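File shown: work-v1.cif (mmCIF, C-alpha atoms).
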```
data_final
#
loop_
_atom_site.label_atom_id
_atom_site.label_comp_id
_atom_site.auth_asym_id
_atom_site.auth_seq_id
_atom_site.Cartn_x
_atom_site.Cartn_y
_atom_site.Cartn_z
CA MET M 1 -11.81 -16.00 -1.61
CA ASN M 2 -13.22 -12.48 -1.49
CA VAL M 3 -15.19 -10.94 1.34
CA GLY M 4 -18.33 -10.84 -0.80
CA GLU M 5 -18.23 -14.60 -1.34
CA LEU M 6 -19.09 -15.08 2.31
CA SER M 7 -22.64 -14.41 3.44
CA LEU M 8 -22.97 -11.48 5.81
CA GLU M 9 -23.75 -13.92 8.63
CA ARG M 10 -20.62 -15.99 8.03
CA PHE M 11 -18.49 -12.90 7.60
CA ALA M 12 -19.83 -11.36 10.81
CA GLY M 13 -19.30 -14.67 12.60
CA ARG M 14 -15.66 -14.89 11.51
CA LEU M 15 -15.11 -11.22 12.30
CA ALA M 16 -16.42 -11.79 15.81
CA GLY M 17 -14.36 -14.95 16.26
CA GLU M 18 -10.87 -15.54 14.94
CA GLY M 19 -11.05 -12.43 12.78
CA VAL M 20 -10.79 -11.88 9.02
CA ALA M 21 -7.46 -11.16 7.32
CA ILE M 22 -8.24 -8.78 4.47
CA ARG M 23 -5.64 -7.82 1.87
CA TRP M 24 -5.72 -4.20 0.74
CA GLY M 25 -2.94 -3.29 -1.64
CA PRO M 26 0.41 -4.32 -0.17
CA PHE M 27 -1.01 -4.78 3.33
CA VAL M 28 -2.96 -7.42 5.20
CA SER M 29 -5.06 -6.50 8.21
CA ARG M 30 -6.52 -9.04 10.54
CA ILE M 31 -9.72 -7.46 11.78
CA VAL M 32 -11.62 -8.64 14.83
CA SER M 33 -14.92 -7.09 15.90
CA LYS M 34 -18.21 -8.15 17.36
CA LEU M 35 -19.91 -4.92 16.31
CA PRO M 36 -22.72 -5.63 13.84
CA GLU M 37 -22.65 -1.99 12.73
CA LEU M 38 -19.08 -2.59 11.55
CA ALA M 39 -19.58 -6.04 10.05
CA ALA M 40 -22.36 -5.00 7.66
CA PRO M 41 -20.63 -2.01 6.02
CA LEU M 42 -17.29 -3.84 5.88
CA HIS M 43 -19.03 -6.73 4.12
CA LEU M 44 -20.57 -4.25 1.68
CA LEU M 45 -17.61 -1.94 1.01
CA TYR M 46 -14.86 -4.58 1.06
CA ALA M 47 -16.85 -7.17 -0.94
CA ASP M 48 -14.19 -7.44 -3.66
CA PHE M 49 -11.19 -7.61 -1.34
CA PRO M 50 -9.37 -10.93 -0.96
CA ILE M 51 -9.39 -12.77 2.33
CA GLU M 52 -6.04 -14.27 3.24
CA PRO M 53 -5.92 -17.81 4.66
CA PRO M 54 -5.79 -18.05 8.46
CA GLY M 55 -2.37 -18.28 10.05
CA GLY M 56 -0.59 -16.06 7.55
CA ILE M 57 1.45 -12.99 8.35
CA CYS M 58 -0.60 -9.85 8.89
CA ASP M 59 0.77 -6.31 8.90
CA PHE M 60 -1.85 -4.92 11.25
CA HIS M 61 -3.85 -6.74 13.91
CA VAL M 62 -6.88 -4.60 14.48
CA CYS M 63 -9.68 -4.97 16.99
CA VAL M 64 -12.69 -2.67 17.27
CA ARG M 65 -14.74 -3.32 20.40
CA PRO M 66 -17.17 -1.56 22.71
CA ARG M 67 -15.45 0.37 25.43
CA SER M 68 -15.40 -1.84 28.47
CA LEU M 69 -15.76 0.82 31.15
CA ARG M 70 -18.55 3.32 30.73
CA LEU M 71 -20.60 5.44 33.05
CA PRO M 72 -24.36 4.87 32.66
CA TRP M 73 -25.05 8.38 31.34
CA GLU M 74 -22.24 8.34 28.80
CA GLU M 75 -22.93 7.50 25.16
CA GLN M 76 -21.82 4.14 23.85
CA GLN M 77 -18.26 4.22 22.66
CA VAL M 78 -15.90 1.93 20.79
CA GLU M 79 -12.16 1.60 21.03
CA PHE M 80 -9.63 0.67 18.39
CA LEU M 81 -6.80 -1.66 19.31
CA LEU M 82 -3.70 -2.13 17.21
CA ASP M 83 -1.69 -5.25 17.98
CA GLY M 84 -3.68 -5.53 21.21
CA VAL M 85 -2.85 -2.02 22.37
CA ARG M 86 -5.37 0.82 22.63
CA VAL M 87 -3.66 3.56 20.68
CA PHE M 88 -6.50 6.09 20.48
CA GLN M 89 -9.18 7.54 22.65
CA PRO M 90 -12.58 5.81 22.38
CA VAL M 91 -15.06 7.32 19.93
CA PRO M 92 -18.87 7.31 19.66
CA ARG M 93 -20.12 3.94 18.52
CA GLN M 94 -22.05 5.40 15.58
CA SER M 95 -18.71 6.53 14.07
CA ALA M 96 -17.20 3.03 14.23
CA LEU M 97 -16.75 2.54 10.46
CA THR M 98 -15.42 6.05 9.85
CA VAL M 99 -12.96 5.83 12.66
CA PHE M 100 -11.94 2.33 11.59
CA GLU M 101 -11.05 3.73 8.16
CA TRP M 102 -9.14 6.65 9.64
CA ARG M 103 -7.24 4.36 11.98
CA LEU M 104 -6.24 2.08 9.11
CA ASN M 105 -4.87 5.18 7.38
CA TRP M 106 -2.96 5.96 10.55
CA CYS M 107 -1.47 2.44 10.54
CA VAL M 108 -0.01 3.16 7.11
CA TYR M 109 1.13 6.68 8.03
CA ALA M 110 2.85 5.47 11.15
CA LEU M 111 4.23 2.11 10.20
CA ALA M 112 4.68 1.67 6.44
CA ASN M 113 7.97 3.51 6.21
CA ASN M 114 9.27 1.34 3.41
CA PHE M 115 7.18 3.66 1.22
CA LEU M 116 7.41 7.38 0.72
CA ILE M 117 3.87 8.33 1.71
CA TYR M 118 1.94 11.37 0.51
CA HIS M 119 -1.41 12.67 1.58
CA ALA M 120 -2.77 12.34 -1.94
CA ALA M 121 -5.32 10.62 -4.11
CA VAL M 122 -4.09 8.63 -7.09
CA VAL M 123 -6.08 7.65 -10.17
CA GLU M 124 -5.13 6.40 -13.60
CA ARG M 125 -6.51 6.69 -17.13
CA ASP M 126 -4.99 5.25 -20.31
CA GLY M 127 -1.82 4.29 -18.46
CA LEU M 128 -1.28 7.84 -17.15
CA SER M 129 -1.42 8.04 -13.40
CA LEU M 130 -2.49 11.26 -11.79
CA LEU M 131 -1.43 12.29 -8.30
CA LEU M 132 -3.74 14.70 -6.46
CA PRO M 133 -1.84 15.82 -3.36
CA GLY M 134 -3.39 17.95 -0.67
CA HIS M 135 -4.35 18.06 2.94
CA SER M 136 -7.84 17.37 4.17
CA GLY M 137 -10.46 19.74 2.81
CA VAL M 138 -8.87 20.78 -0.49
CA GLY M 139 -11.32 18.69 -2.48
CA LYS M 140 -9.10 15.82 -3.56
CA SER M 141 -11.38 12.98 -2.43
CA THR M 142 -14.37 14.59 -4.15
CA LEU M 143 -12.41 14.99 -7.37
CA CYS M 144 -11.05 11.47 -6.99
CA ALA M 145 -14.58 10.09 -6.58
CA GLY M 146 -15.73 12.10 -9.60
CA LEU M 147 -12.91 10.72 -11.74
CA VAL M 148 -13.50 7.16 -10.55
CA THR M 149 -17.19 7.54 -11.36
CA ALA M 150 -16.13 8.68 -14.85
CA GLY M 151 -14.21 5.41 -15.29
CA TRP M 152 -10.73 6.18 -14.00
CA ARG M 153 -8.89 3.45 -12.13
CA LEU M 154 -8.65 4.11 -8.40
CA LEU M 155 -5.24 3.60 -6.80
CA SER M 156 -5.97 5.51 -3.62
CA ASP M 157 -8.21 8.29 -2.39
CA GLU M 158 -6.08 9.28 0.58
CA LEU M 159 -2.56 7.84 0.67
CA ALA M 160 -0.13 7.70 -2.21
CA LEU M 161 2.53 5.06 -1.67
CA LEU M 162 5.68 5.72 -3.66
CA ASN M 163 8.22 2.92 -3.75
CA PRO M 164 11.51 4.84 -3.53
CA ASP M 165 13.40 1.94 -5.13
CA ASP M 166 11.52 1.83 -8.43
CA GLY M 167 9.69 5.18 -8.37
CA ARG M 168 6.29 3.54 -8.90
CA LEU M 169 3.05 4.07 -7.02
CA ARG M 170 1.57 1.09 -5.21
CA PRO M 171 -2.22 0.87 -5.38
CA LEU M 172 -4.13 1.10 -2.15
CA ALA M 173 -7.69 1.10 -3.44
CA ARG M 174 -9.99 1.30 -0.43
CA PRO M 175 -13.41 2.83 0.13
CA ILE M 176 -13.41 6.51 -0.82
CA SER M 177 -14.09 8.77 2.13
CA LEU M 178 -16.62 11.50 1.32
CA LYS M 179 -17.51 14.36 3.60
CA ASN M 180 -20.48 16.68 4.01
CA GLN M 181 -21.83 18.09 0.70
CA SER M 182 -19.60 15.75 -1.30
CA ILE M 183 -21.71 12.80 -0.20
CA ASP M 184 -24.88 14.03 -1.94
CA LEU M 185 -22.89 15.33 -4.91
CA ILE M 186 -21.20 12.00 -5.60
CA LYS M 187 -24.42 10.07 -4.96
CA SER M 188 -26.12 12.25 -7.58
CA ILE M 189 -23.51 11.50 -10.26
CA ALA M 190 -23.07 7.84 -9.27
CA PRO M 191 -26.65 6.57 -8.83
CA ASP M 192 -25.42 2.99 -9.25
CA GLY M 193 -22.58 3.43 -6.75
CA THR M 194 -22.50 1.59 -3.45
CA PHE M 195 -22.22 3.69 -0.32
CA GLY M 196 -21.83 2.83 3.34
CA PRO M 197 -23.83 4.40 6.14
CA ILE M 198 -23.47 8.10 6.85
CA ALA M 199 -21.79 8.94 10.14
CA THR M 200 -23.03 12.29 11.39
CA ASP M 201 -21.17 14.23 14.04
CA THR M 202 -17.62 13.05 13.38
CA ALA M 203 -14.62 15.35 13.80
CA LYS M 204 -14.96 16.15 10.08
CA GLY M 205 -18.75 16.44 9.97
CA ARG M 206 -20.84 13.95 7.98
CA VAL M 207 -18.79 11.13 6.49
CA ALA M 208 -19.74 8.28 4.16
CA HIS M 209 -17.70 5.81 2.18
CA MET M 210 -18.05 4.81 -1.44
CA LYS M 211 -17.20 1.26 -2.47
CA PRO M 212 -14.14 1.18 -4.75
CA PRO M 213 -14.69 -0.20 -8.27
CA THR M 214 -14.23 -3.95 -8.53
CA SER M 215 -11.78 -3.52 -11.42
CA SER M 216 -9.56 -1.23 -9.30
CA VAL M 217 -9.50 -3.69 -6.41
CA ARG M 218 -8.61 -6.53 -8.80
CA ARG M 219 -5.67 -4.51 -10.11
CA ALA M 220 -4.37 -3.76 -6.63
CA GLY M 221 -1.18 -5.67 -7.41
CA GLN M 222 -0.30 -3.52 -10.43
CA PRO M 223 1.85 -0.48 -9.61
CA ALA M 224 1.69 2.61 -11.77
CA ALA M 225 4.35 5.04 -12.92
CA PRO M 226 3.55 8.64 -11.97
CA ARG M 227 3.11 10.98 -14.92
CA LEU M 228 0.93 13.85 -13.79
CA ILE M 229 0.68 15.87 -10.58
CA VAL M 230 -2.28 18.18 -10.10
CA LEU M 231 -2.57 20.26 -6.94
CA PRO M 232 -6.32 20.61 -6.46
CA ARG M 233 -8.20 23.30 -4.59
CA PHE M 234 -11.95 23.53 -4.27
CA ARG M 235 -13.21 27.09 -3.91
CA ARG M 236 -16.90 27.79 -3.93
CA GLY M 237 -17.94 29.85 -6.94
CA ALA M 238 -14.47 29.89 -8.48
CA PRO M 239 -14.18 29.50 -12.25
CA LEU M 240 -12.17 26.53 -13.41
CA ARG M 241 -8.46 27.28 -13.55
CA LEU M 242 -5.85 24.75 -14.62
CA ALA M 243 -2.35 26.17 -14.87
CA PRO M 244 1.14 24.66 -15.08
CA VAL M 245 3.23 24.89 -11.92
CA PRO M 246 7.02 25.27 -11.94
CA LYS M 247 8.64 22.03 -10.87
CA THR M 248 10.47 23.62 -7.96
CA LYS M 249 7.18 24.85 -6.53
CA ALA M 250 5.57 21.48 -7.17
CA PHE M 251 8.45 19.80 -5.33
CA PHE M 252 7.84 21.77 -2.16
CA ARG M 253 4.04 21.64 -2.37
CA LEU M 254 4.30 17.87 -2.71
CA ALA M 255 6.85 17.66 0.10
CA GLU M 256 4.38 19.47 2.37
CA THR M 257 1.97 16.58 1.93
CA ALA M 258 4.62 13.92 2.52
CA VAL M 259 4.24 12.07 5.77
CA ASN M 260 7.70 10.59 6.06
CA TYR M 261 9.90 12.44 3.55
CA GLU M 262 12.63 13.20 6.07
CA THR M 263 12.66 9.61 7.30
CA HIS M 264 13.91 8.51 3.89
CA GLY M 265 16.84 10.94 3.83
CA GLU M 266 18.81 11.03 0.60
CA GLN M 267 16.78 8.21 -0.94
CA GLY M 268 13.60 10.22 -0.31
CA PHE M 269 15.09 13.35 -1.88
CA LEU M 270 16.17 11.45 -4.98
CA ALA M 271 12.81 9.69 -5.24
CA MET M 272 11.04 13.05 -5.03
CA ILE M 273 13.29 14.47 -7.75
CA ARG M 274 12.55 11.50 -10.00
CA LEU M 275 8.83 11.82 -9.31
CA ILE M 276 8.74 15.51 -10.21
CA ASP M 277 11.05 14.99 -13.19
CA ALA M 278 8.73 12.35 -14.60
CA SER M 279 5.55 14.37 -14.07
CA ASP M 280 3.85 17.33 -15.65
CA CYS M 281 2.73 19.57 -12.79
CA TYR M 282 -0.42 21.70 -12.59
CA GLU M 283 -2.60 23.61 -10.16
CA LEU M 284 -6.34 23.18 -10.42
CA GLU M 285 -8.90 25.44 -8.82
CA TYR M 286 -12.51 24.39 -9.22
CA SER M 287 -16.00 24.73 -7.92
CA SER M 288 -17.79 22.52 -10.46
CA LEU M 289 -16.91 18.85 -10.21
CA ASP M 290 -18.13 18.23 -13.78
CA HIS M 291 -15.80 20.89 -15.12
CA ALA M 292 -12.86 19.61 -13.09
CA VAL M 293 -13.39 16.04 -14.30
CA ALA M 294 -13.67 17.25 -17.90
CA ALA M 295 -10.46 19.25 -17.51
CA MET M 296 -8.60 16.19 -16.23
CA GLU M 297 -9.95 14.07 -19.09
CA ASP M 298 -8.86 16.70 -21.64
CA LEU M 299 -5.43 16.92 -20.06
CA VAL M 300 -4.85 13.19 -20.12
CA ARG M 301 -6.22 12.97 -23.67
CA SER M 302 -3.79 15.64 -24.86
CA MET M 303 -0.91 13.93 -23.09
CA SER M 304 -1.86 10.59 -24.67
CA VAL M 305 -1.92 12.18 -28.11
CA GLU M 306 1.42 13.85 -27.44
CA ARG M 307 2.86 10.54 -26.30
CA ARG M 308 1.64 8.77 -29.44
CA CYS M 309 3.06 11.55 -31.66
CA ARG M 310 6.38 11.35 -29.88
CA THR M 311 6.45 7.62 -30.47
CA THR M 312 5.70 7.90 -34.16
CA THR M 313 8.26 10.64 -34.86
CA LEU M 314 11.24 8.80 -33.50
CA PRO M 315 14.14 8.98 -35.98
CA VAL M 316 14.78 5.89 -38.07
CA MET M 317 17.71 3.91 -36.74
CA THR M 318 20.37 3.02 -39.26
CA CYS M 319 23.21 0.56 -38.92
CA MET F 1 16.31 31.46 0.67
CA PRO F 2 14.80 34.75 1.84
CA ALA F 3 17.34 37.42 2.68
CA SER F 4 17.26 38.39 6.34
CA PRO F 5 17.77 41.98 7.49
CA VAL F 6 21.13 41.32 9.05
CA SER F 7 23.54 44.23 9.08
CA ALA F 8 26.82 42.65 10.05
CA PRO F 9 29.86 44.84 9.58
CA ILE F 10 31.83 44.08 6.47
CA ASP F 11 35.42 43.35 7.13
CA ASP F 12 37.20 41.76 4.20
CA SER F 13 40.46 41.92 6.03
CA ALA F 14 39.20 39.51 8.68
CA GLY F 15 39.94 36.84 6.08
CA GLU F 16 37.58 34.17 7.37
CA ILE F 17 37.46 31.32 4.93
CA TRP F 18 33.96 30.07 4.19
CA ARG F 19 33.76 26.34 3.63
CA LEU F 20 31.35 23.44 4.03
CA PRO F 21 31.34 22.08 7.58
CA LYS F 22 33.16 18.81 8.04
CA GLY F 23 30.98 15.89 6.99
CA VAL F 24 28.55 18.02 5.00
CA SER F 25 27.91 16.84 1.48
CA LEU F 26 25.31 18.37 -0.80
CA LEU F 27 22.99 17.17 -3.54
CA TRP F 28 21.74 19.74 -6.04
CA GLN F 29 18.65 20.02 -8.20
CA SER F 30 17.62 22.89 -10.42
CA TRP F 31 14.73 23.03 -12.87
CA ASP F 32 15.03 26.71 -13.72
CA GLU F 33 17.45 29.63 -13.43
CA ASP F 34 15.74 31.35 -10.52
CA GLU F 35 15.91 28.77 -7.77
CA VAL F 36 17.87 25.75 -6.71
CA ILE F 37 17.10 22.92 -4.30
CA VAL F 38 19.88 21.65 -2.07
CA PHE F 39 19.80 18.52 0.02
CA ASN F 40 22.24 18.31 2.92
CA ARG F 41 23.19 14.66 3.37
CA ALA F 42 24.53 15.32 6.86
CA SER F 43 21.39 16.92 8.31
CA GLY F 44 18.81 15.35 5.99
CA GLN F 45 17.36 18.81 5.39
CA THR F 46 16.22 20.20 2.07
CA HIS F 47 16.72 23.90 1.29
CA LEU F 48 15.36 26.20 -1.37
CA LEU F 49 17.88 28.83 -2.43
CA ASP F 50 17.55 31.76 -4.81
CA ALA F 51 19.93 31.85 -7.75
CA PHE F 52 22.48 34.12 -6.04
CA SER F 53 22.62 32.08 -2.82
CA GLY F 54 22.86 28.89 -4.84
CA ALA F 55 25.77 30.23 -6.85
CA VAL F 56 27.60 31.32 -3.69
CA LEU F 57 27.14 27.96 -2.02
CA ARG F 58 28.29 26.12 -5.13
CA ARG F 59 31.41 28.29 -5.19
CA ILE F 60 32.12 27.64 -1.52
CA GLU F 61 31.58 23.92 -2.07
CA ALA F 62 34.00 23.92 -5.01
CA SER F 63 36.54 26.22 -3.44
CA PRO F 64 36.48 27.50 0.15
CA SER F 65 36.83 31.28 -0.07
CA THR F 66 36.96 34.51 1.87
CA ILE F 67 34.31 37.15 1.29
CA LEU F 68 36.90 39.12 -0.64
CA GLU F 69 37.61 36.18 -2.90
CA LEU F 70 33.92 35.57 -3.39
CA ARG F 71 33.41 39.25 -4.20
CA ARG F 72 36.13 39.10 -6.86
CA TYR F 73 34.68 35.89 -8.27
CA PHE F 74 31.14 37.23 -8.52
CA ALA F 75 32.00 40.83 -9.46
CA LEU F 76 31.66 40.13 -13.16
CA GLY F 77 28.51 38.04 -12.94
CA PHE F 78 26.44 40.40 -10.83
CA ALA F 79 26.32 44.07 -11.73
CA LEU F 80 26.41 45.26 -8.15
CA ASP F 81 28.36 47.90 -6.30
CA GLU F 82 31.37 46.32 -4.52
CA HIS F 83 30.09 47.25 -1.11
CA VAL F 84 26.58 46.00 -1.84
CA LEU F 85 27.98 42.75 -3.19
CA SER F 86 30.17 42.24 -0.13
CA GLU F 87 27.24 42.94 2.14
CA ARG F 88 25.05 40.45 0.29
CA LEU F 89 27.78 37.81 0.39
CA ASP F 90 28.25 38.35 4.08
CA VAL F 91 24.52 38.04 4.81
CA VAL F 92 24.21 34.92 2.68
CA CYS F 93 27.25 33.23 4.21
CA ARG F 94 26.10 33.92 7.76
CA ARG F 95 22.69 32.50 6.88
CA PHE F 96 24.44 29.40 5.52
CA ASP F 97 26.21 29.16 8.87
CA GLN F 98 22.86 29.23 10.70
CA LEU F 99 21.55 26.50 8.40
CA GLY F 100 24.61 24.30 8.77
CA LEU F 101 25.46 24.62 5.08
CA ALA F 102 28.72 26.55 5.48
CA GLU F 103 30.95 27.83 8.26
CA PRO F 104 33.72 30.37 8.66
CA ALA F 105 37.18 29.11 9.49
CA ALA F 106 40.36 30.88 10.40
CA PRO F 107 42.76 31.21 7.46
#
```

As structure tokens, the full file:
Amino acid sequence: MNVGELSLERFAGRLAGEGVAIRWGPFVSRIVSKLPELAAPLHLLYADFPIEPPGGICDFHVCVRPRSLRLPWEEQQVEFLLDGVRVFQPVPRQSALTVFEWRLNWCVYALANNFLIYHAAVVERDGLSLLLPGHSGVGKSTLCAGLVTAGWRLLSDELALLNPDDGRLRPLARPISLKNQSIDLIKSIAPDGTFGPIATDTAKGRVAHMKPPTSSVRRAGQPAAPRLIVLPRFRRGAPLRLAPVPKTKAFFRLAETAVNYETHGEQGFLAMIRLIDASDCYELEYSSLDHAVAAMEDLVRSMSVERRCRTTTLPVMTC
Amino acid sequence: MPASPVSAPIDDSAGEIWRLPKGVSLLWQSWDEDEVIVFNRASGQTHLLDAFSGAVLRRIEASPSTILELRRYFALGFALDEHVLSERLDVVCRRFDQLGLAEPAAP
């Protein structure tokens, strides 16, 4: 059963009671909250996500609740509990959804060390998966949302999970986090998209979430082989520039975005080498989202053509 | 690896033998001629070396050597004055020592 198959009332009731175990990619989170301002957007944004049967094993037990102790003149706050422990400072109640999403990211960063984790968006087109690494503010989520709106498959807008054993990327399609001007920009190019409420006054300014495409959520169990790494950078007024990057430079730029590279030791090094070896590497500077999306489409198209040509020019085998 | 402005005296006769520290084992990766990536299995650290430093470390890994021996080995490959080459080798080896990639040992 998916979240959207429950009415909002039933979903909110279960969320407030025993909790709802939602599967997202390789993880299951059991979420408990009595906050109606969390239940409604979760029901909207996670509509396509499967609900696991009660009693199963969950990776993260999450509770979002109003802060119990509060002085009368203080604003209403909520606190986030992981496995029953308050791990973070309380935040303003109006930011509940945004902070919930950030805290789920933190759960992965901190605890999913079976993967090599990069701060990167991942999308796929025609079987070619594209890694967009970069720290917050470089424009990767905006570009990711633009590509997804243009029909690319979403694997993740924030965290790339590389399985160091097989070198494949595990999908983690969750709502895409948009900030500030990106919210209006993506809403303008995705008039049929579904968006959560806008949280104003967060640590990163205005934040809203875009519902991931149903098809991407349904394919959450299908890993993808990395083929293309593009290091994006948004710079206001800059002309579009897409240029190849030497692999050594790409290695270290990617390593800068890795959360747990050193934790993996030799296995992590070898996985990184395989990842870079298998990928064409580029830098992209852009100010126009349309141009950036078109450049990515052209790039993937040319690589697809090249791949087909390579396949058809294989030498004939003789016995 | 950026060269540091170290001006250690050059003393070939000291005869220190440069070698990998005990337990250190290296993994190498190079995609071009200018730079090389080295992973130190013992420390878990990854290093970026320029071509010259990479060549020196590879030589030390293959065959522990004094600065004099290294100078003789590299004299043909790098068109450098003997003194300049010795100085560069000395700087590079001492930097390796700081990074835990090589160490001097008594002959």

Wanna dump the chain F-chain M contacts at 9 Å for me, each residue with its shortest atom pair and the distance in Å to one decimal, counting all atoms listed in the file, ordered by chain and number, as JSON lines?
```
{"residue": "F:Leu27", "atom": "CA", "partner": "M:Glu266", "partner_atom": "CA", "distance": 8.5}
{"residue": "F:Gln29", "atom": "CA", "partner": "M:Ile273", "partner_atom": "CA", "distance": 7.7}
{"residue": "F:Ser30", "atom": "CA", "partner": "M:Thr248", "partner_atom": "CA", "distance": 7.6}
{"residue": "F:Trp31", "atom": "CA", "partner": "M:Lys247", "partner_atom": "CA", "distance": 6.5}
{"residue": "F:Asp32", "atom": "CA", "partner": "M:Thr248", "partner_atom": "CA", "distance": 8.0}
{"residue": "F:Glu35", "atom": "CA", "partner": "M:Thr248", "partner_atom": "CA", "distance": 7.5}
{"residue": "F:Val36", "atom": "CA", "partner": "M:Thr248", "partner_atom": "CA", "distance": 7.8}
{"residue": "F:Ile37", "atom": "CA", "partner": "M:Thr248", "partner_atom": "CA", "distance": 7.6}
{"residue": "F:Phe39", "atom": "CA", "partner": "M:Phe269", "partner_atom": "CA", "distance": 7.2}
{"residue": "F:Asn40", "atom": "CA", "partner": "M:Glu266", "partner_atom": "CA", "distance": 8.4}
{"residue": "F:Arg41", "atom": "CA", "partner": "M:Glu266", "partner_atom": "CA", "distance": 6.3}
{"residue": "F:Ser43", "atom": "CA", "partner": "M:Gly265", "partner_atom": "CA", "distance": 8.7}
{"residue": "F:Gly44", "atom": "CA", "partner": "M:Gly265", "partner_atom": "CA", "distance": 5.3}
{"residue": "F:Gln45", "atom": "CA", "partner": "M:Glu262", "partner_atom": "CA", "distance": 7.4}
{"residue": "F:Thr46", "atom": "CA", "partner": "M:Phe269", "partner_atom": "CA", "distance": 8.0}
{"residue": "F:Leu48", "atom": "CA", "partner": "M:Thr248", "partner_atom": "CA", "distance": 8.6}
```

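For the choices M:Thr149, M:Arg30, M:Val217, M:Pro164, the atom-to-atom distance to Pro191 in chain M is smallest for M:Thr149 when using all atoms listed in the file.
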
Tell me, in Å to one decimal, how far CA of Leu242 in chain M is from CA of Glu283 in chain M. 5.6 Å

Give the centre and edge lengths of an axis-aligned box, in Å to one decimal, that holds all listed atoms of range 197-216 of chain M with 8 Å on each side, as AutoDock Vina command-line options.
```
--center_x -16.7 --center_y 6.2 --center_z 1.3 --size_x 30.3 --size_y 36.4 --size_z 41.5
```

Which of these residues is nearest to Phe78 in chain F, using only C-alpha atoms: F:Val56, F:Ala106, F:Ala62, F:Val92?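 Checking each candidate against Phe78 in chain F, we get F:Val56 as the closest.
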
Expanded to explicit residues, what is the PyMOL selection byres ((chain M and resi 229-234) around 9) for this file, as number ranges by chain? M: 129-134, 137-140, 143, 226-228, 235-236, 238, 242, 244-245, 250, 253-254, 276, 279-288

Residue by residue, what does the PyMOL selection byres ((chain M and resi 190) around 10) grab here? Present the result as a list in words.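 Those residues are Ala145, Gly146, Val148, Thr149, Ala150, Asp184, Leu185, Ile186, Lys187, Ser188, Ile189, Pro191, Asp192, Gly193, Thr194, Phe195 and Met210 of chain M.
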
Neighbouring residues of range 204-206 of chain M were defined as those with any atom within 9 Å, considering all atoms listed in the file; residues of the same chain fewer than 2 positions away were excluded. Please report them as number ranges by chain. M: 178-181, 183, 198-202, 208
